[in-house]
$ cat model_4.txt   # compact mmCIF, C-alpha atoms
# COMPACT_ATOMS: atom_id res chain seq x y z
CA MET A 11 0.00 0.00 0.00
CA GLY A 12 1.45 3.36 -0.99
CA LEU A 13 2.46 5.97 1.56
CA LYS A 14 -0.05 8.44 0.15
CA ARG A 15 -2.98 6.14 0.91
CA ILE A 16 -1.61 5.33 4.36
CA VAL A 17 -1.13 8.99 5.12
CA LYS A 18 -4.59 9.90 3.87
CA LYS A 19 -6.32 7.33 6.06
CA SER A 20 -4.12 7.24 9.17
CA LEU A 21 -4.06 11.04 9.46
CA GLY A 22 -7.79 11.27 8.95
CA LEU A 23 -7.34 13.46 5.88
CA GLY A 24 -9.85 11.67 3.69
CA GLU A 25 -10.54 13.96 0.77
CA MET A 26 -9.83 17.13 2.75
CA GLY A 27 -9.69 19.94 0.26
CA PHE A 28 -6.17 21.08 -0.41
CA THR A 29 -7.78 23.74 -2.57
CA LYS A 30 -8.69 27.37 -2.44
CA ASP A 31 -12.23 26.47 -1.34
CA GLY A 32 -11.32 23.41 0.72
CA GLY A 33 -13.30 23.77 3.92
CA ASN A 34 -12.10 26.71 6.01
CA ILE A 35 -8.62 26.57 4.52
CA ASN A 36 -7.45 29.69 2.75
CA TRP A 37 -4.41 28.57 0.83
CA PHE A 38 -4.21 31.59 -1.41
CA PRO A 39 -4.37 35.00 0.35
CA GLY A 40 -5.35 38.00 -1.76
CA HIS A 41 -1.91 39.60 -1.85
CA MET A 42 -0.47 36.37 -3.25
CA ALA A 43 -3.06 36.30 -6.04
CA ALA A 44 -2.21 39.91 -6.90
CA ALA A 45 1.50 39.07 -6.76
CA THR A 46 1.05 36.23 -9.22
CA ARG A 47 -0.44 38.62 -11.76
CA ALA A 48 2.38 41.14 -11.19
CA ILE A 49 5.01 38.42 -11.53
CA LYS A 50 3.57 37.17 -14.80
CA ASN A 51 3.77 40.70 -16.17
CA ARG A 52 7.34 41.24 -15.00
CA LEU A 53 8.47 37.87 -16.27
CA LYS A 54 7.95 39.19 -19.77
CA LEU A 55 10.56 41.88 -19.08
CA SER A 56 13.14 39.75 -17.29
CA ASP A 57 16.32 38.55 -18.99
CA LEU A 58 16.89 35.72 -16.55
CA VAL A 59 14.86 34.08 -13.80
CA ILE A 60 16.22 32.49 -10.64
CA GLU A 61 13.55 30.08 -9.47
CA VAL A 62 14.24 29.27 -5.84
CA ARG A 63 13.04 25.92 -4.56
CA ASP A 64 13.50 24.07 -1.28
CA SER A 65 16.17 21.38 -1.60
CA ARG A 66 14.09 19.08 0.60
CA ILE A 67 11.17 19.20 -1.87
CA PRO A 68 12.65 20.06 -5.29
CA LEU A 69 9.42 19.29 -7.17
CA SER A 70 6.76 20.03 -4.57
CA SER A 71 8.14 23.55 -4.06
CA ALA A 72 7.74 24.43 -7.74
CA HIS A 73 5.01 26.87 -8.78
CA PRO A 74 2.95 24.89 -11.32
CA GLU A 75 1.07 27.89 -12.73
CA LEU A 76 4.31 29.66 -13.66
CA GLN A 77 6.18 26.67 -15.10
CA SER A 78 5.09 27.13 -18.71
CA GLN A 79 6.16 30.77 -18.62
CA LEU A 80 9.38 30.05 -16.72
CA SER A 81 10.42 27.29 -19.11
CA ALA A 82 10.39 29.80 -21.96
CA LYS A 83 12.88 32.08 -20.14
CA ARG A 84 16.55 31.79 -19.27
CA ARG A 85 16.12 30.06 -15.96
CA ILE A 86 18.33 28.80 -13.16
CA LEU A 87 16.88 26.50 -10.54
CA ALA A 88 18.41 27.38 -7.17
CA LEU A 89 17.80 24.53 -4.76
CA ASN A 90 18.10 26.46 -1.52
CA LYS A 91 18.65 25.23 2.06
CA LYS A 92 21.01 22.55 0.83
CA ASP A 93 22.40 22.32 4.37
CA LEU A 94 19.08 20.75 5.41
CA ALA A 95 18.96 18.24 2.55
CA ASN A 96 20.53 14.81 2.20
CA PRO A 97 23.64 15.58 0.07
CA ASN A 98 23.70 12.24 -1.76
CA ILE A 99 20.08 12.49 -2.88
CA LEU A 100 20.50 16.19 -3.61
CA ASN A 101 23.30 15.38 -6.05
CA LYS A 102 20.92 12.99 -7.82
CA TRP A 103 18.38 15.81 -8.11
CA VAL A 104 20.96 18.14 -9.64
CA HIS A 105 21.91 15.42 -12.14
CA TYR A 106 18.24 14.87 -12.88
CA PHE A 107 17.67 18.54 -13.76
CA ASP A 108 20.88 18.56 -15.79
CA SER A 109 19.51 15.63 -17.78
CA CYS A 110 16.44 17.79 -18.46
CA ASN A 111 18.74 20.49 -19.89
CA GLN A 112 17.74 22.72 -16.99
CA ASP A 113 20.46 24.75 -15.27
CA CYS A 114 20.42 23.89 -11.59
CA ILE A 115 22.59 24.62 -8.58
CA ALA A 116 22.23 23.68 -4.93
CA ILE A 117 22.85 26.62 -2.60
CA ASN A 118 22.73 27.87 0.95
CA GLY A 119 21.25 31.36 0.75
CA HIS A 120 23.00 32.39 3.97
CA SER A 121 26.45 31.43 2.65
CA LYS A 122 28.24 34.06 0.56
CA SER A 123 30.53 31.51 -1.05
CA SER A 124 27.52 29.44 -2.07
CA VAL A 125 25.63 32.44 -3.44
CA GLN A 126 28.80 33.56 -5.22
CA LYS A 127 28.68 30.37 -7.31
CA LEU A 128 25.09 31.15 -8.22
CA LEU A 129 26.07 34.66 -9.34
CA GLU A 130 28.85 33.25 -11.49
CA LEU A 131 26.31 31.00 -13.19
CA VAL A 132 23.97 33.99 -13.66
CA GLU A 133 26.75 36.00 -15.34
CA LEU A 134 27.61 33.04 -17.55
CA LYS A 135 24.01 32.70 -18.71
CA LEU A 136 23.74 36.45 -19.35
CA LYS A 137 26.94 36.77 -21.37
CA GLU A 138 25.16 36.47 -24.69
CA VAL A 139 22.75 39.26 -23.67
CA ILE A 140 25.22 41.67 -22.07
CA SER A 141 26.75 42.66 -25.39
CA ARG A 142 23.51 44.06 -26.77
CA GLU A 143 21.45 45.18 -23.76
CA PRO A 144 22.38 48.17 -21.54
CA THR A 145 20.06 47.07 -18.72
CA LEU A 146 19.39 43.54 -17.57
CA LEU A 147 16.70 42.31 -15.22
CA VAL A 148 17.12 39.23 -13.05
CA MET A 149 13.97 38.05 -11.36
CA VAL A 150 13.85 35.88 -8.23
CA VAL A 151 10.67 33.85 -7.80
CA GLY A 152 9.46 31.02 -5.61
CA VAL A 153 6.79 29.83 -3.23
CA PRO A 154 6.82 31.12 0.37
CA ASN A 155 9.64 30.34 2.76
CA VAL A 156 12.10 28.80 0.31
CA GLY A 157 14.65 31.45 1.35
CA LYS A 158 14.24 34.09 -1.36
CA SER A 159 14.76 37.09 0.92
CA ALA A 160 17.88 35.61 2.53
CA LEU A 161 19.24 34.94 -0.97
CA ILE A 162 18.44 38.49 -2.08
CA ASN A 163 20.28 39.90 0.93
CA SER A 164 23.35 37.78 0.23
CA ILE A 165 23.35 38.79 -3.45
CA HIS A 166 23.16 42.43 -2.42
CA GLN A 167 26.08 42.10 0.01
CA ILE A 168 28.25 40.37 -2.58
CA ALA A 169 27.30 42.79 -5.35
CA ALA A 170 28.00 45.81 -3.15
CA SER A 171 31.55 44.59 -2.63
CA ARG A 172 32.11 43.66 -6.28
CA PHE A 173 30.50 46.55 -8.15
CA PRO A 174 30.12 50.31 -7.65
CA VAL A 175 26.53 50.58 -6.51
CA GLN A 176 25.06 53.88 -7.62
CA GLU A 177 22.63 54.30 -4.77
CA LYS A 178 22.14 52.98 -1.31
CA MET A 179 19.71 50.09 -1.41
CA LYS A 180 17.53 48.70 1.34
CA ARG A 181 17.91 45.03 2.21
CA ALA A 182 14.99 42.79 1.46
CA ARG A 183 12.96 41.97 4.54
CA VAL A 184 13.51 38.49 5.95
CA GLY A 185 10.85 36.83 8.09
CA PRO A 186 10.31 33.35 9.52
CA LEU A 187 6.75 33.03 8.24
CA PRO A 188 5.57 32.42 4.67
CA GLY A 189 4.33 35.50 2.86
CA VAL A 190 6.37 38.10 4.80
CA THR A 191 7.70 39.85 1.70
CA GLN A 192 4.44 41.16 0.30
CA ASP A 193 5.44 43.67 -2.36
CA ILE A 194 7.67 43.36 -5.39
CA ALA A 195 10.86 45.34 -4.83
CA GLY A 196 13.89 45.76 -7.05
CA PHE A 197 17.39 47.09 -6.47
CA LYS A 198 20.41 47.74 -8.61
CA ILE A 199 23.30 45.39 -7.95
CA ALA A 200 25.70 46.44 -10.73
CA HIS A 201 26.28 48.70 -13.68
CA ARG A 202 28.08 48.47 -17.04
CA PRO A 203 25.74 46.84 -17.78
CA SER A 204 23.14 47.77 -15.22
CA ILE A 205 21.76 44.68 -13.54
CA TYR A 206 18.68 44.83 -11.38
CA VAL A 207 17.51 42.01 -9.14
CA LEU A 208 13.79 41.94 -8.54
CA ASP A 209 12.53 40.33 -5.37
CA THR A 210 9.01 38.94 -5.39
CA PRO A 211 6.56 37.94 -2.70
CA GLY A 212 6.09 34.25 -2.12
CA VAL A 213 3.32 32.90 -4.27
CA LEU A 214 1.48 29.66 -3.73
CA VAL A 215 -0.73 27.96 -6.27
CA PRO A 216 -4.45 28.69 -5.93
CA SER A 217 -5.16 24.99 -5.57
CA ILE A 218 -3.13 22.09 -4.23
CA SER A 219 -4.97 19.04 -5.48
CA ASP A 220 -2.45 16.53 -4.15
CA ILE A 221 -2.68 15.97 -0.39
CA GLU A 222 0.91 14.84 0.04
CA THR A 223 2.27 17.83 -1.87
CA GLY A 224 0.33 20.09 0.47
CA LEU A 225 1.72 18.29 3.50
CA LYS A 226 5.28 18.53 2.16
CA LEU A 227 4.85 22.28 1.65
CA ALA A 228 3.47 22.58 5.17
CA LEU A 229 6.34 20.51 6.57
CA ALA A 230 8.89 22.79 4.89
CA GLY A 231 7.07 25.86 6.20
CA SER A 232 5.73 27.11 2.87
CA VAL A 233 2.22 26.96 4.28
CA LYS A 234 1.50 28.50 7.65
CA ASP A 235 1.30 25.90 10.40
CA SER A 236 -2.09 27.20 11.46
CA VAL A 237 -3.55 26.26 8.07
CA VAL A 238 -2.83 22.54 8.39
CA GLY A 239 -2.15 22.24 12.13
CA GLU A 240 1.18 21.38 13.75
CA GLU A 241 -0.08 18.02 15.00
CA ARG A 242 -1.15 16.89 11.54
CA ILE A 243 2.18 18.01 10.07
CA VAL A 244 4.08 15.99 12.68
CA GLN A 245 1.85 12.97 12.05
CA TYR A 246 2.83 13.16 8.40
CA LEU A 247 6.52 13.55 9.24
CA LEU A 248 6.42 10.55 11.57
CA ALA A 249 4.55 8.52 8.93
CA VAL A 250 7.29 9.22 6.40
CA LEU A 251 10.15 8.55 8.84
CA ASN A 252 8.59 5.27 9.98
CA SER A 253 7.83 4.12 6.42
CA ARG A 254 11.45 4.76 5.49
CA GLY A 255 12.77 3.13 8.66
CA THR A 256 14.80 6.25 9.43
CA PRO A 257 14.68 5.92 13.25
CA LEU A 258 16.32 2.48 12.95
CA HIS A 259 19.48 4.26 11.80
CA TRP A 260 19.64 5.96 15.20
CA ARG A 261 20.26 2.68 17.06
CA HIS A 262 23.74 3.80 18.14
CA LEU A 263 22.14 6.38 20.42
CA ASN A 264 21.05 3.62 22.81
CA ASN A 265 24.71 3.10 23.68
CA ARG A 266 25.35 6.76 24.37
CA SER A 267 26.55 7.75 27.82
CA GLU A 268 23.93 9.52 29.91
CA VAL A 269 26.46 11.51 31.95
CA ASN A 270 25.93 14.76 30.06
CA GLN A 271 22.18 14.57 29.61
CA PHE A 272 20.28 17.64 30.75
CA GLU A 273 18.66 17.27 34.14
CA SER A 274 14.93 16.69 34.04
CA ASP A 275 14.28 18.40 37.39
CA LYS A 276 15.70 21.73 36.23
CA GLN A 277 13.98 24.25 33.98
CA HIS A 278 16.40 25.26 31.25
CA GLU A 279 16.09 28.83 30.01
CA TYR A 280 16.97 28.01 26.41
CA ASN A 281 14.05 28.19 24.00
CA PRO A 282 14.16 25.79 21.00
CA LYS A 283 12.60 28.55 18.90
CA ASP A 284 15.94 30.38 19.15
CA LEU A 285 17.33 27.80 16.73
CA ARG A 286 15.44 29.47 13.88
CA PRO A 287 17.72 31.62 11.68
CA GLN A 288 15.72 34.80 12.26
CA ARG A 289 15.89 34.37 16.04
CA ARG A 290 19.29 32.79 16.37
CA LYS A 291 21.15 33.77 19.51
CA PRO A 292 24.76 33.03 20.48
CA LEU A 293 24.84 29.59 22.09
CA ASN A 294 26.88 29.01 25.21
CA VAL A 295 28.21 25.57 26.14
CA SER A 296 25.20 24.84 28.30
CA ASP A 297 22.80 25.66 25.46
CA VAL A 298 24.71 23.48 23.01
CA LEU A 299 24.69 20.51 25.37
CA TYR A 300 21.02 21.06 26.13
CA VAL A 301 20.05 21.04 22.44
CA GLU A 302 22.29 18.06 21.66
CA ASP A 303 20.82 16.05 24.51
CA MET A 304 17.28 17.02 23.56
CA VAL A 305 17.89 15.81 20.00
CA THR A 306 19.48 12.60 21.28
CA GLU A 307 16.52 11.88 23.55
CA VAL A 308 14.09 12.50 20.68
CA GLN A 309 15.98 10.26 18.26
CA ARG A 310 16.38 7.56 20.89
CA ALA A 311 12.66 7.64 21.70
CA LEU A 312 11.73 7.21 18.04
CA HIS A 313 14.29 4.44 17.58
CA VAL A 314 13.03 2.48 20.56
CA SER A 315 9.38 2.87 19.60
CA LEU A 316 9.96 1.67 16.02
CA SER A 317 12.42 -1.11 16.85
CA GLU A 318 10.05 -2.56 19.46
CA PHE A 319 7.00 -2.13 17.24
CA ASP A 320 5.55 -5.52 16.26
CA GLY A 321 3.04 -4.20 13.72
CA ASN A 322 3.33 -3.39 10.01
CA VAL A 323 4.13 0.21 9.09
CA GLU A 324 2.50 -0.40 5.70
CA ASP A 325 -0.82 -1.03 7.42
CA GLU A 326 -2.66 2.22 8.10
CA ASN A 327 -4.11 1.08 11.44
CA ASP A 328 -0.76 -0.17 12.70
CA LEU A 329 0.95 3.01 11.54
CA GLU A 330 -1.64 5.12 13.32
CA ASN A 331 -1.09 3.18 16.57
CA LEU A 332 2.68 3.56 16.24
CA ILE A 333 2.40 7.31 15.74
CA GLU A 334 0.23 7.57 18.87
CA GLN A 335 2.89 5.71 20.85
CA GLN A 336 5.56 8.00 19.46
CA PHE A 337 3.68 11.13 20.51
CA GLU A 338 3.76 9.82 24.09
CA ALA A 339 7.45 8.94 23.77
CA LEU A 340 8.24 12.38 22.35
CA GLN A 341 6.40 14.07 25.20
CA LYS A 342 8.69 12.28 27.66
CA ALA A 343 11.81 12.91 25.58
CA LEU A 344 11.00 16.63 25.31
CA LYS A 345 10.15 16.69 29.03
CA ILE A 346 6.74 18.21 28.56
CA PRO A 347 4.63 17.78 31.74
CA HIS A 348 2.16 14.91 31.36
CA LYS A 349 -0.75 17.01 32.54
CA ALA A 350 0.21 20.10 30.60
CA SER A 351 -2.67 21.54 28.64
CA GLU A 352 -2.22 21.25 24.90
CA ALA A 353 0.69 18.85 25.47
CA ARG A 354 0.41 17.38 21.95
CA LEU A 355 0.58 20.85 20.45
CA MET A 356 3.71 21.61 22.48
CA VAL A 357 5.26 18.33 21.38
CA SER A 358 4.42 19.08 17.76
CA LYS A 359 5.86 22.60 17.82
CA ARG A 360 9.13 21.55 19.43
CA PHE A 361 9.55 18.52 17.21
CA LEU A 362 8.91 20.62 14.10
CA THR A 363 11.47 23.18 15.22
CA LEU A 364 14.11 20.49 15.63
CA PHE A 365 13.30 19.10 12.19
CA ARG A 366 13.19 22.45 10.38
CA THR A 367 16.50 23.58 11.84
CA GLY A 368 18.20 20.38 10.68
CA LYS A 369 18.84 19.00 14.17
CA LEU A 370 17.28 15.64 13.30
CA GLY A 371 19.45 15.28 10.22
CA PRO A 372 19.23 16.12 6.49
CA PHE A 373 16.19 14.94 4.54
CA ILE A 374 14.66 15.05 1.06
CA PHE A 375 11.00 14.14 0.75
CA ASP A 376 10.52 14.19 -3.03
CA GLU A 377 11.60 11.11 -4.92
CA VAL A 378 13.86 11.62 -7.92
CA PRO A 379 11.76 10.91 -11.04
CA ASP A 380 12.86 8.85 -13.99
CA VAL A 381 14.75 10.74 -16.66
CA ASN A 382 12.91 12.22 -19.66
CA PRO A 383 10.27 14.22 -17.78
CA SER A 384 8.23 16.86 -19.54
CA ASN A 385 8.48 19.62 -16.93
CA PRO A 386 11.34 20.11 -14.48

$ encode --input "model_4.txt" --output "structure tokens"
Amino acid sequence: MGLKRIVKKSLGLGEMGFTKDGGNINWFPGHMAAATRAIKNRLKLSDLVIEVRDSRIPLSSAHPELQSQLSAKRRILALNKKDLANPNILNKWVHYFDSCNQDCIAINGHSKSSVQKLLELVELKLKEVISREPTLLVMVVGVPNVGKSALINSIHQIAASRFPVQEKMKRARVGPLPGVTQDIAGFKIAHRPSIYVLDTPGVLVPSISDIETGLKLALAGSVKDSVVGEERIVQYLLAVLNSRGTPLHWRHLNNRSEVNQFESDKQHEYNPKDLRPQRRKPLNVSDVLYVEDMVTEVQRALHVSLSEFDGNVEDENDLENLIEQQFEALQKALKIPHKASEARLMVSKRFLTLFRTGKLGPFIFDEVPDVNPSNP
């Protein structure tokens, strides 16, 4: 039985509408609809498009409605957040896009050296245009929370050091929630020729007909947690991890010394939310040990629960029972009081934070397709 069917039944999704009019879910806020129209108009003027996607979901983070228009332009696929993706599988994705004759590069938008390689590829692709055009427009597009604003800021910093910038430009706003950058802004990054980079707001398709695609986008943070619900997102994540047998690879943690584990009877001041890039604070030794031990306890709990599980993870009822057991194990591992109100929500939020900050390891959730696809 396929994972999609298991997920649909065990998570109680049924035929829940991953669409614009699906129940009370508003997947497509008004400013995003307006942005899509503005982007389509500006695409006609752009000389090159950088389509930013999340390395963990290279296909699911594409914008289907723009693909036909993007495929007709000079385009570079920038698979961002490569530090959170499995490097071996990511290399296969890059080779896959190369086989589709689609320029692709894996990047970390916060790393100047990584973004520098992207800029070199941009210049290479624009060489044939530079000789005849005095002004060039490079457009950056992508769905929410794939790291466009962080990439724009890095490009600006690099360009400011490489080229004489003719006017002081404001950095693009960076926020932890999808849809923060709500207006299309452009700034000049070079002259001779003049090159402008246009930032765009995150745009999500008006309908997501595939349930698993919607869950992947939610898992990566491209859909606000409140739309799907943190608990449902974690149920999906656990379903995928269990189906892949990922926790079984954490068996070595059972042999780990418990000398340095954080003490359960003390309230640590460190907040896991501070792991997020936009809230990152300097970590002292105590904080580092606390986070490391928290991650170890979480991984150990999932390993024990799956290794001792005598059911079949391909059976939706068994998988549902396993996930329930793991929620209880995670609550203990994360040291959330048993009687705490909304304990499952607290478990879900903390577990998601550990996943999204890469503390549980690198992952890719889209499977590499066979070669000879029609649309990369």

$ atom_distance --input "model_4.txt" --atom1 "atom CA of A:Leu76" --atom2 "atom CA of A:Ala45"
12.0 Å

$ closest_residue --input "model_4.txt" --among "A:His348, A:Arg254, A:Arg66, A:His120" --to "A:Asn101" --atoms "all atoms listed in the file"
A:Arg66

$ closest_residue --input "model_4.txt" --among "A:Ser253, A:Asn331, A:Gln167, A:Ser159" --to "A:Phe375" --atoms "all atoms listed in the file"
A:Ser253

$ closest_residue --input "model_4.txt" --among "A:Ile60, A:Ala339, A:Leu355, A:Ala169" --to "A:Asp113" --atoms "only C-alpha atoms"
A:Ile60

$ atom_distance --input "model_4.txt" --atom1 "atom CA of A:Leu251" --atom2 "atom CA of A:Val104"
23.5 Å

$ residues_around --input "model_4.txt" --residues "A:Leu370" --least-positions-apart "2" --cutoff "10 Å" --atoms "all atoms listed in the file" --output "PyMOL selection string"
chain A and resi 94+305-306+308-309+361-368+372-373

$ closest_residue --input "model_4.txt" --among "A:Val237, A:Leu131, A:Val59, A:Ala230" --to "A:Ala95" --atoms "only C-alpha atoms"
A:Ala230

$ residues_around --input "model_4.txt" --residues "A:Ser70" --least-positions-apart "6" --cutoff "8 Å" --atoms "all atoms listed in the file" --output "PyMOL selection string"
chain A and resi 223+226-227+376

$ atom_distance --input "model_4.txt" --atom1 "atom CA of A:Pro144" --atom2 "atom CA of A:Ser204"
6.4 Å

$ residues_around --input "model_4.txt" --residues "A:Arg52" --least-positions-apart "4" --cutoff "10 Å" --atoms "only C-alpha atoms" --output "PDB file with C-alpha atoms, in the coordinates of the input"
ATOM      1  CA  THR A  46       1.050  36.230  -9.220  1.00  0.00           C
ATOM      2  CA  ARG A  47      -0.440  38.620 -11.760  1.00  0.00           C
ATOM      3  CA  ALA A  48       2.380  41.140 -11.190  1.00  0.00           C
ATOM      4  CA  SER A  56      13.140  39.750 -17.290  1.00  0.00           C
ATOM      5  CA  LEU A 147      16.700  42.310 -15.220  1.00  0.00           C
ATOM      6  CA  MET A 149      13.970  38.050 -11.360  1.00  0.00           C
ATOM      7  CA  ILE A 194       7.670  43.360  -5.390  1.00  0.00           C
ATOM      8  CA  LEU A 208      13.790  41.940  -8.540  1.00  0.00           C
TER       9      LEU A 208
END

$ closest_residue --input "model_4.txt" --among "A:Met356, A:Ile221, A:Val148, A:Leu161" --to "A:Ser124" --atoms "all atoms listed in the file"
A:Leu161

$ closest_residue --input "model_4.txt" --among "A:Lys91, A:Arg354, A:Lys83, A:Lys349" --to "A:Glu334" --atoms "only C-alpha atoms"
A:Arg354

$ residues_near_point --input "model_4.txt" --point "(6.4, 22.3, 23.5)" --cutoff "12 Å" --atoms "all atoms listed in the file" --output "ChimeraX atom specification"
/A:240-241,281-283,337,340-348,350-364

$ residues_around --input "model_4.txt" --residues "A:Val125" --least-positions-apart "4" --cutoff "10 Å" --atoms "only C-alpha atoms" --output "count of residues only"
17

$ residues_around --input "model_4.txt" --residues "A:Leu258" --least-positions-apart "2" --cutoff "7 Å" --atoms "all atoms listed in the file" --output "number ranges by chain"
A: 255-256, 260-261, 313, 317
